[in-house]
$ cat work.tsv   # TSV, C-alpha atoms
chain	number	residue	atom	x	y	z
I	1188	MET	CA	-53.95	-43.09	77.87
I	1189	THR	CA	-53.55	-39.51	76.62
I	1190	ASP	CA	-56.63	-37.30	76.38
I	1191	MET	CA	-55.41	-35.82	73.08
I	1192	SER	CA	-57.73	-35.90	70.06
I	1193	SER	CA	-56.95	-38.14	67.10
I	1194	LEU	CA	-55.90	-35.12	65.02
I	1195	GLU	CA	-53.54	-33.94	67.77
I	1196	LEU	CA	-51.97	-37.40	67.94
I	1197	ILE	CA	-51.55	-37.38	64.16
I	1198	ARG	CA	-49.81	-33.99	64.32
I	1199	LEU	CA	-47.44	-35.35	66.99
I	1200	PHE	CA	-46.63	-38.31	64.75
I	1201	LEU	CA	-46.03	-36.06	61.71
I	1202	ALA	CA	-43.76	-33.72	63.68
I	1203	VAL	CA	-41.62	-36.60	64.99
I	1204	ALA	CA	-41.49	-38.16	61.51
I	1205	GLU	CA	-40.38	-34.87	59.97
I	1206	HIS	CA	-37.70	-34.02	62.55
I	1207	ARG	CA	-36.68	-37.60	63.47
I	1208	SER	CA	-36.53	-36.31	67.03
I	1209	PHE	CA	-38.99	-36.22	69.95
I	1210	THR	CA	-37.23	-33.16	71.38
I	1211	HIS	CA	-37.35	-31.17	68.13
I	1212	ALA	CA	-40.96	-32.18	67.56
I	1213	ALA	CA	-41.86	-31.00	71.07
I	1214	ARG	CA	-40.16	-27.65	70.42
I	1215	ARG	CA	-42.01	-27.30	67.10
I	1216	LEU	CA	-45.39	-28.02	68.71
I	1217	ASN	CA	-44.64	-26.07	71.90
I	1218	VAL	CA	-45.26	-29.05	74.17
I	1219	SER	CA	-43.01	-31.14	76.41
I	1220	PRO	CA	-40.94	-34.07	75.05
I	1221	THR	CA	-42.79	-36.27	77.55
I	1222	ALA	CA	-46.14	-35.28	76.00
I	1223	VAL	CA	-44.81	-36.15	72.56
I	1224	SER	CA	-43.52	-39.53	73.73
I	1225	LYS	CA	-46.81	-40.36	75.49
I	1226	GLY	CA	-48.79	-39.29	72.43
I	1227	VAL	CA	-46.81	-41.49	70.05
I	1228	ARG	CA	-47.09	-44.46	72.46
I	1229	ALA	CA	-50.84	-43.89	72.68
I	1230	LEU	CA	-51.13	-43.88	68.89
I	1231	GLU	CA	-49.04	-47.05	68.64
I	1232	GLY	CA	-51.04	-48.72	71.42
I	1233	LYS	CA	-54.37	-47.81	69.89
I	1234	HIS	CA	-53.51	-49.40	66.56
I	1235	GLY	CA	-51.22	-52.18	67.77
I	1236	VAL	CA	-48.20	-51.25	65.64
I	1237	THR	CA	-44.77	-49.75	66.21
I	1238	LEU	CA	-44.30	-46.54	64.27
I	1239	PHE	CA	-40.76	-45.59	65.31
I	1240	THR	CA	-37.62	-47.36	66.36
I	1241	ARG	CA	-35.72	-45.20	68.82
I	1242	ASN	CA	-32.64	-45.31	70.97
I	1243	THR	CA	-30.65	-42.68	72.82
I	1244	ARG	CA	-29.15	-41.34	69.59
I	1245	SER	CA	-31.76	-41.59	66.84
I	1246	VAL	CA	-35.41	-42.00	65.84
I	1247	ALA	CA	-36.38	-43.83	62.64
I	1248	LEU	CA	-39.67	-44.77	61.01
I	1249	THR	CA	-40.65	-48.41	60.80
I	1250	ASP	CA	-42.24	-49.75	57.62
I	1251	ALA	CA	-45.66	-49.22	59.20
I	1252	GLY	CA	-44.70	-45.67	60.13
I	1253	THR	CA	-43.43	-44.95	56.61
I	1254	ASN	CA	-46.70	-46.14	55.08
I	1255	LEU	CA	-48.74	-44.12	57.56
I	1256	LEU	CA	-46.70	-40.99	56.85
I	1257	ALA	CA	-47.30	-41.31	53.09
I	1258	VAL	CA	-51.06	-41.31	53.66
I	1259	LEU	CA	-51.40	-38.83	56.52
I	1260	LYS	CA	-49.09	-36.05	55.34
I	1261	PRO	CA	-51.14	-35.04	52.26
I	1262	ALA	CA	-54.42	-35.68	54.13
I	1263	VAL	CA	-53.48	-33.32	56.97
I	1264	GLY	CA	-52.28	-30.82	54.36
I	1265	GLN	CA	-55.76	-30.86	52.82
I	1266	ILE	CA	-57.33	-30.35	56.23
I	1267	ASP	CA	-55.08	-27.35	56.86
I	1268	GLU	CA	-55.96	-25.92	53.43
I	1269	ALA	CA	-59.65	-26.35	54.19
I	1270	PHE	CA	-59.35	-24.36	57.42
I	1271	ASP	CA	-57.22	-21.73	55.68
I	1272	GLU	CA	-59.95	-21.42	53.04
I	1273	LEU	CA	-62.56	-21.10	55.80
I	1274	ALA	CA	-60.58	-18.27	57.37
I	1275	ARG	CA	-60.51	-16.43	54.04
I	1276	PHE	CA	-64.30	-16.12	54.14
I	1277	GLN	CA	-63.74	-13.08	56.33
I	1278	GLN	CA	-61.07	-11.60	54.11
I	1279	ARG	CA	-61.38	-8.96	51.43
I	1280	PRO	CA	-61.54	-10.63	47.98
I	1281	SER	CA	-58.12	-10.62	46.37
I	1282	GLY	CA	-55.98	-12.54	43.95
I	1283	HIS	CA	-55.72	-13.04	40.20
I	1284	LEU	CA	-58.67	-14.05	37.99
I	1285	ARG	CA	-58.02	-15.70	34.64
I	1286	ILE	CA	-61.11	-15.64	32.43
I	1287	THR	CA	-61.58	-16.92	28.87
I	1288	ALA	CA	-64.27	-15.61	26.53
I	1289	PRO	CA	-65.06	-15.52	22.80
I	1290	ARG	CA	-63.55	-12.51	21.09
I	1291	ALA	CA	-66.79	-10.75	20.17
I	1292	PHE	CA	-68.38	-11.22	23.59
I	1293	GLY	CA	-65.16	-10.63	25.49
I	1294	TYR	CA	-65.52	-6.94	24.69
I	1295	LEU	CA	-68.81	-6.94	26.59
I	1296	LEU	CA	-66.93	-8.16	29.65
I	1297	ALA	CA	-64.27	-5.52	29.16
I	1298	ARG	CA	-66.98	-2.88	28.88
I	1299	HIS	CA	-69.12	-3.92	31.84
I	1300	LEU	CA	-67.88	-6.69	34.12
I	1301	VAL	CA	-64.19	-5.91	34.52
I	1302	PRO	CA	-64.64	-2.20	35.40
I	1303	ARG	CA	-67.25	-3.09	38.01
I	1304	MET	CA	-65.03	-5.75	39.51
I	1305	ARG	CA	-62.04	-3.42	39.66
I	1306	THR	CA	-64.15	-0.78	41.43
I	1307	ALA	CA	-65.74	-3.18	43.92
I	1308	CYS	CA	-62.66	-5.37	44.47
I	1309	PRO	CA	-59.47	-3.40	43.74
I	1310	ASP	CA	-57.31	-6.22	45.15
I	1311	ILE	CA	-58.39	-8.56	42.33
I	1312	THR	CA	-56.37	-8.45	39.10
I	1313	PHE	CA	-57.48	-9.82	35.73
I	1314	ASP	CA	-56.13	-11.81	32.84
I	1315	LEU	CA	-58.81	-11.79	30.13
I	1316	SER	CA	-58.10	-14.20	27.26
I	1317	LEU	CA	-60.18	-13.93	24.08
I	1318	ASP	CA	-60.52	-17.27	22.31
I	1319	ASP	CA	-63.45	-18.41	20.18
I	1320	GLY	CA	-62.60	-22.09	20.61
I	1321	LEU	CA	-63.69	-24.36	23.44
I	1322	VAL	CA	-61.35	-24.19	26.42
I	1323	ASP	CA	-60.63	-26.74	29.16
I	1324	LEU	CA	-60.67	-24.42	32.18
I	1325	VAL	CA	-58.85	-26.74	34.55
I	1326	GLY	CA	-56.30	-27.95	32.03
I	1327	ALA	CA	-55.54	-24.43	30.79
I	1328	GLY	CA	-55.45	-22.87	34.28
I	1329	TYR	CA	-58.47	-20.57	33.99
I	1330	ASP	CA	-60.72	-19.65	36.91
I	1331	ALA	CA	-63.84	-19.10	34.79
I	1332	GLY	CA	-65.07	-18.81	31.23
I	1333	VAL	CA	-67.86	-17.20	29.24
I	1334	ARG	CA	-69.44	-19.18	26.42
I	1335	LEU	CA	-72.76	-19.84	24.74
I	1336	GLY	CA	-74.82	-22.20	26.88
I	1337	GLN	CA	-74.63	-25.18	24.54
I	1338	SER	CA	-70.81	-25.02	24.63
I	1339	VAL	CA	-70.46	-25.37	28.41
I	1340	ALA	CA	-69.22	-28.74	29.65
I	1341	GLN	CA	-71.71	-30.63	31.82
I	1342	ASP	CA	-69.32	-30.93	34.78
I	1343	MET	CA	-69.18	-27.14	35.17
I	1344	VAL	CA	-71.37	-24.80	37.19
I	1345	ALA	CA	-73.06	-22.44	34.71
I	1346	MET	CA	-75.00	-19.24	35.36
I	1347	ARG	CA	-76.90	-17.27	32.75
I	1348	LEU	CA	-75.55	-13.84	31.81
I	1349	SER	CA	-77.84	-12.86	28.93
I	1350	ARG	CA	-80.97	-13.64	26.98
I	1351	PRO	CA	-80.61	-15.74	23.79
I	1352	LEU	CA	-78.35	-13.94	21.32
I	1353	SER	CA	-79.19	-12.94	17.77
I	1354	TRP	CA	-77.11	-13.79	14.69
I	1355	SER	CA	-77.40	-12.77	11.05
I	1356	ILE	CA	-76.54	-13.92	7.55
I	1357	VAL	CA	-74.70	-10.98	5.98
I	1358	ALA	CA	-72.64	-9.93	2.99
I	1359	ALA	CA	-71.36	-6.72	1.45
I	1360	PRO	CA	-73.94	-4.88	-0.73
I	1361	ASP	CA	-71.76	-5.31	-3.80
I	1362	TYR	CA	-71.57	-9.10	-3.24
I	1363	PHE	CA	-75.37	-9.35	-3.31
I	1364	ALA	CA	-75.46	-7.01	-6.31
I	1365	ARG	CA	-73.08	-9.31	-8.23
I	1366	HIS	CA	-74.38	-12.71	-7.11
I	1367	GLY	CA	-77.97	-12.14	-6.04
I	1368	THR	CA	-79.55	-12.29	-2.58
I	1369	PRO	CA	-80.46	-15.78	-1.27
I	1370	GLN	CA	-84.20	-16.16	-0.74
I	1371	VAL	CA	-84.22	-19.50	1.12
I	1372	PRO	CA	-81.43	-21.14	3.16
I	1373	ARG	CA	-80.60	-23.74	0.50
I	1374	ASP	CA	-79.74	-20.92	-1.92
I	1375	LEU	CA	-76.54	-20.56	0.11
I	1376	LEU	CA	-75.25	-23.77	-1.43
I	1377	ARG	CA	-74.73	-21.82	-4.66
I	1378	HIS	CA	-72.86	-18.93	-2.99
I	1379	ALA	CA	-69.37	-18.30	-1.71
I	1380	THR	CA	-69.47	-18.53	2.08
I	1381	ILE	CA	-67.02	-17.52	4.80
I	1382	ARG	CA	-66.98	-20.15	7.51
I	1383	TYR	CA	-65.76	-20.27	11.09
I	1384	ARG	CA	-63.33	-23.08	11.95
I	1385	PHE	CA	-62.65	-24.18	15.54
I	1386	SER	CA	-58.91	-23.84	16.11
I	1387	THR	CA	-58.66	-26.89	18.39
I	1388	SER	CA	-60.73	-29.48	16.52
I	1389	GLY	CA	-60.65	-27.98	13.02
I	1390	VAL	CA	-64.41	-28.49	12.77
I	1391	LEU	CA	-66.57	-26.14	10.68
I	1392	PRO	CA	-69.83	-25.83	12.66
I	1393	PRO	CA	-72.87	-26.00	10.31
I	1394	TRP	CA	-75.17	-23.05	9.88
I	1395	ARG	CA	-78.54	-23.54	11.54
I	1396	PHE	CA	-81.80	-22.26	10.02
I	1397	THR	CA	-85.52	-22.74	10.33
I	1398	ASP	CA	-87.71	-23.29	7.29
I	1399	SER	CA	-91.06	-24.85	6.45
I	1400	ASP	CA	-89.70	-28.29	7.33
I	1401	GLY	CA	-88.37	-27.25	10.75
I	1402	GLU	CA	-84.69	-26.98	11.62
I	1403	LEU	CA	-82.16	-27.12	8.80
I	1404	LEU	CA	-78.40	-27.54	9.20
I	1405	LEU	CA	-76.36	-26.42	6.18
I	1406	ASP	CA	-72.75	-27.36	5.57
I	1407	THR	CA	-71.80	-25.02	2.72
I	1408	ASP	CA	-68.62	-25.08	0.67
I	1409	ALA	CA	-66.32	-22.52	2.23
I	1410	ALA	CA	-64.57	-20.01	0.02
I	1411	VAL	CA	-62.57	-18.84	3.03
I	1412	CYS	CA	-62.26	-20.14	6.63
I	1413	ALA	CA	-61.05	-18.31	9.73
I	1414	ASN	CA	-61.05	-18.94	13.46
I	1415	ASP	CA	-61.95	-15.38	14.42
I	1416	THR	CA	-65.34	-13.71	13.98
I	1417	GLY	CA	-63.75	-10.28	13.64
I	1418	MET	CA	-61.68	-11.53	10.72
I	1419	ILE	CA	-64.74	-13.14	9.14
I	1420	ALA	CA	-66.61	-9.83	9.37
I	1421	GLU	CA	-63.71	-8.06	7.65
I	1422	LEU	CA	-63.64	-10.65	4.85
I	1423	ALA	CA	-67.39	-10.18	4.39
I	1424	ARG	CA	-66.94	-6.40	4.20
I	1425	LYS	CA	-64.41	-7.00	1.41
I	1426	GLY	CA	-67.09	-8.77	-0.63
I	1427	LEU	CA	-65.54	-12.25	-0.45
I	1428	GLY	CA	-68.76	-14.03	0.43
I	1429	ILE	CA	-71.65	-14.54	2.81
I	1430	ALA	CA	-71.01	-14.91	6.56
I	1431	TRP	CA	-72.99	-16.02	9.61
I	1432	LEU	CA	-72.07	-13.66	12.46
I	1433	PRO	CA	-73.29	-12.52	15.89
I	1434	ASP	CA	-75.07	-9.19	15.71
I	1435	ILE	CA	-72.80	-7.70	18.33
I	1436	GLU	CA	-69.94	-8.11	15.85
I	1437	ILE	CA	-71.68	-6.29	13.00
I	1438	GLU	CA	-73.91	-3.64	14.63
I	1439	GLU	CA	-71.94	-0.73	13.20
I	1440	ASP	CA	-71.48	-2.42	9.80
I	1441	ILE	CA	-75.25	-2.78	9.43
I	1442	ARG	CA	-75.83	0.79	10.57
I	1443	GLN	CA	-73.27	2.16	8.11
I	1444	GLY	CA	-74.42	-0.07	5.23
I	1445	ARG	CA	-71.13	-1.95	4.91
I	1446	LEU	CA	-72.99	-5.22	5.41
I	1447	VAL	CA	-76.56	-6.20	4.52
I	1448	ARG	CA	-78.70	-8.95	6.07
I	1449	ALA	CA	-80.40	-11.78	4.22
I	1450	LEU	CA	-82.67	-14.67	5.26
I	1451	THR	CA	-83.57	-12.80	8.44
I	1452	ARG	CA	-86.72	-14.79	9.20
I	1453	HIS	CA	-84.83	-18.08	8.80
I	1454	VAL	CA	-82.04	-17.34	11.31
I	1455	PRO	CA	-82.98	-18.47	14.85
I	1456	GLY	CA	-81.52	-17.05	18.02
I	1457	THR	CA	-78.94	-19.06	19.92
I	1458	SER	CA	-78.33	-19.78	23.56
I	1459	GLY	CA	-77.42	-16.82	25.71
I	1460	LEU	CA	-74.05	-16.23	27.33
I	1461	TYR	CA	-73.14	-18.17	30.46
I	1462	LEU	CA	-70.43	-17.77	33.06
I	1463	TYR	CA	-69.04	-21.21	33.91
I	1464	PHE	CA	-66.50	-22.48	36.42
I	1465	PRO	CA	-65.50	-25.64	38.35
I	1466	MET	CA	-67.79	-26.36	41.29
I	1467	ARG	CA	-64.97	-26.55	43.83
I	1468	SER	CA	-63.79	-23.02	43.01
I	1469	GLN	CA	-66.99	-21.14	43.85
I	1470	ASN	CA	-66.14	-20.80	47.56
I	1471	GLN	CA	-63.01	-18.75	46.86
I	1472	PRO	CA	-63.56	-15.09	47.81
I	1473	LYS	CA	-62.43	-13.86	44.38
I	1474	MET	CA	-64.88	-16.22	42.68
I	1475	ARG	CA	-67.75	-15.25	44.98
I	1476	ALA	CA	-67.06	-11.63	44.09
I	1477	LEU	CA	-67.06	-12.46	40.36
I	1478	ILE	CA	-70.29	-14.45	40.63
I	1479	GLY	CA	-71.98	-11.64	42.56
I	1480	GLN	CA	-71.06	-8.99	39.99
I	1481	ALA	CA	-72.03	-11.27	37.09
I	1482	MET	CA	-75.45	-11.94	38.64
I	1483	GLN	CA	-76.01	-8.21	39.00
I	1484	LEU	CA	-75.12	-7.59	35.35
I	1485	ALA	CA	-77.49	-10.35	34.27
I	1486	GLU	CA	-80.33	-8.89	36.34
I	1487	GLU	CA	-79.76	-5.47	34.76
I	1488	GLY	CA	-79.66	-6.96	31.25
I	1489	LEU	CA	-76.39	-5.24	30.39
I	1490	LEU	CA	-75.09	-8.26	28.50
I	1491	ASP	CA	-78.27	-8.81	26.48
I	1492	VAL	CA	-77.48	-8.33	22.79
I	1493	GLY	CA	-80.47	-8.17	20.48
I	1494	ARG	CA	-80.69	-7.62	16.75
I	1495	PRO	CA	-80.46	-3.89	15.97
I	1496	VAL	CA	-83.62	-2.47	14.46
$ encode --input "work.tsv" --output "structure tokens"
Amino acid sequence: MTDMSSLELIRLFLAVAEHRSFTHAARRLNVSPTAVSKGVRALEGKHGVTLFTRNTRSVALTDAGTNLLAVLKPAVGQIDEAFDELARFQQRPSGHLRITAPRAFGYLLARHLVPRMRTACPDITFDLSLDDGLVDLVGAGYDAGVRLGQSVAQDMVAMRLSRPLSWSIVAAPDYFARHGTPQVPRDLLRHATIRYRFSTSGVLPPWRFTDSDGELLLDTDAAVCANDTGMIAELARKGLGIAWLPDIEIEEDIRQGRLVRALTRHVPGTSGLYLYFPMRSQNQPKMRALIGQAMQLAEEGLLDVGRPV
């Protein structure tokens, strides 16, 4: 009986199956043809089946050998990939990172995370896609995403990037001058509103408020819908109605007086930003580098966006 390990015997079998030759398999594995022949016989003897039919001119797989090949070839490929991945632990992070983020918050990544990553890991390149809708990372081929916490799928690993974010009900000063300023959330039902629509599902998410009765969800009649918060802010600046927007989107508009807040004490904060990614991807060097830089940004509070005073 050969003293080869089970994995070595499997590799002998795969080499013979691929080349249909004991001699060529021996050359490929840098062993003697006798060692290959003994190894295959040992594998056949151990399991009580014939894997190859051979004569002086040819080697062919039996039905049992064909079935075994179909199972073992991808399994050994996964083993090889696992060891290749293990070897990359010592390598400098490299590769291409595809990240999806909402448009408004994607600019925070462009301002802080991407420059840091490029400085620390110059061998990593980026593809940053800005999309306000929910994205299936695996299906769409992304490595990671940034979303509000409540939007992250439960089968993803999620790490916090920021404190809860602030949002505001806003309109142009002339809109409030013409139509009045809402004093309680239900007043919005009598106003023109500019609503966000998810591009994938077509859903208009309700506006969430707090009042004397607790949480209130309002589904107002939309004068205009858009699937981009930047566009909604522009429509609000044009006086077309009242909008519900993240403060990061409208900081300068508030400062310059192009937009005015209303119902401030009724608008709660929302979940903070989270980096999310499939669990199996976090051992890749490029992902470990991304996670490390993201954790540092979170600790420094650079992605915290509060309501401007």
$ closest_residue --input "work.tsv" --among "I:Val1371, I:Ala1364, I:Ala1359, I:Val1339" --to "Gly1459 (chain I)" --atoms "only C-alpha atoms"
I:Val1339
$ closest_residue --input "work.tsv" --among "I:Glu1439, I:Glu1421, I:Asp1491, I:Glu1231" --to "Leu1196 (chain I)" --atoms "only C-alpha atoms"
I:Glu1231
$ atom_distance --input "work.tsv" --atom1 "CA of Trp1394 (chain I)" --atom2 "CA of Asp1406 (chain I)"
6.6 Å
$ residues_around --input "work.tsv" --residues "Leu1201 (chain I)" --least-positions-apart "5" --cutoff "12 Å" --atoms "all atoms listed in the file" --output "VMD selection string"
chain I and resid 1194 to 1196 1206 to 1209 1211 to 1213 1215 to 1216 1223 1226 to 1227 1230 1238 to 1239 1248 1252 to 1253 1255 to 1264
$ atom_distance --input "work.tsv" --atom1 "CA of Arg1448 (chain I)" --atom2 "CA of Asp1374 (chain I)"
14.4 Å
$ atom_distance --input "work.tsv" --atom1 "CA of Ile1286 (chain I)" --atom2 "CA of Arg1305 (chain I)"
14.2 Å
$ residues_around --input "work.tsv" --residues "Ala1423 (chain I)" --least-positions-apart "4" --cutoff "12 Å" --atoms "all atoms listed in the file" --output "PyMOL selection string"
chain I and resi 1356-1363+1379-1382+1410-1413+1416-1419+1427-1432+1436-1437+1440-1441+1445-1448
$ residues_around --input "work.tsv" --residues "Ala1345 (chain I)" --least-positions-apart "2" --cutoff "8 Å" --atoms "only C-alpha atoms" --output "list in words"
Val1339, Met1343, Arg1347, Tyr1461, Leu1462, Tyr1463 and Phe1464 of chain I
$ residues_near_point --input "work.tsv" --point "(-82.6, -12.3, 13.7)" --cutoff "8 Å" --atoms "all atoms listed in the file" --output "list in words"
Ser1353, Trp1354, Ser1355, Thr1451, Arg1452, His1453, Val1454, Pro1455, Gly1456 and Arg1494 of chain I
